[in-house]
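Engineer: The structure that follows is given in the form of structure tokens.
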Amino acid sequence: MECASCAAVAQFRGKEVLQFFYAADNLDSEEWDARSLSNNAMVEEKDRIALLALELAVRIAKKKGE
């Protein structure tokens, strides 16, 4: 829902927006594998994922600008 509203605003303003989804919980097994983005567990890994998403967005933007 939030991404749809961001996309609508970007379209209205004539801008591009890149959205990156990162899911924490794993729901594809018989037992719920609870994970959390809100706690301090594996914070370095979470930071690395955020940096990779930002780097990907920068590369996509540069590629489109060529």
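Each chain in the structure tokens gets a letter, A, B, ..., in the order shown, and its residues are numbered from 1; ligands are numbered from 1 in order too.
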Just want the 8 Å neighbourhood of range 18-30 of chain A, counted on only C-alpha atoms, with same-chain residues fewer than 6 positions away dropped. Output as a PyMOL selection string.
Structural biologist: chain A and resi 3+36-37+53+57
Engineer: Name the residues of chain A that come out as alpha helix (DSSP H) in a backbone DSSP run; write them as a ChimeraX atom specification.
Structural biologist: /A:2-13,43-65
Engineer: Name all residues at most 10 Å from Cys6 in chain A (count only C-alpha atoms; drop same-chain ones fewer than 3 positions away) and give them as a PyMOL selection string.
Structural biologist: chain A and resi 1-3+9-12+16-19
Engineer: In Å, rounded to a single decimal, give me how far CA of Ala4 in chain A is from CA of Arg48 in chain A.
Structural biologist: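 Going from CA of Arg48 in chain A over to CA of Ala4 in chain A covers 25.6 Å.
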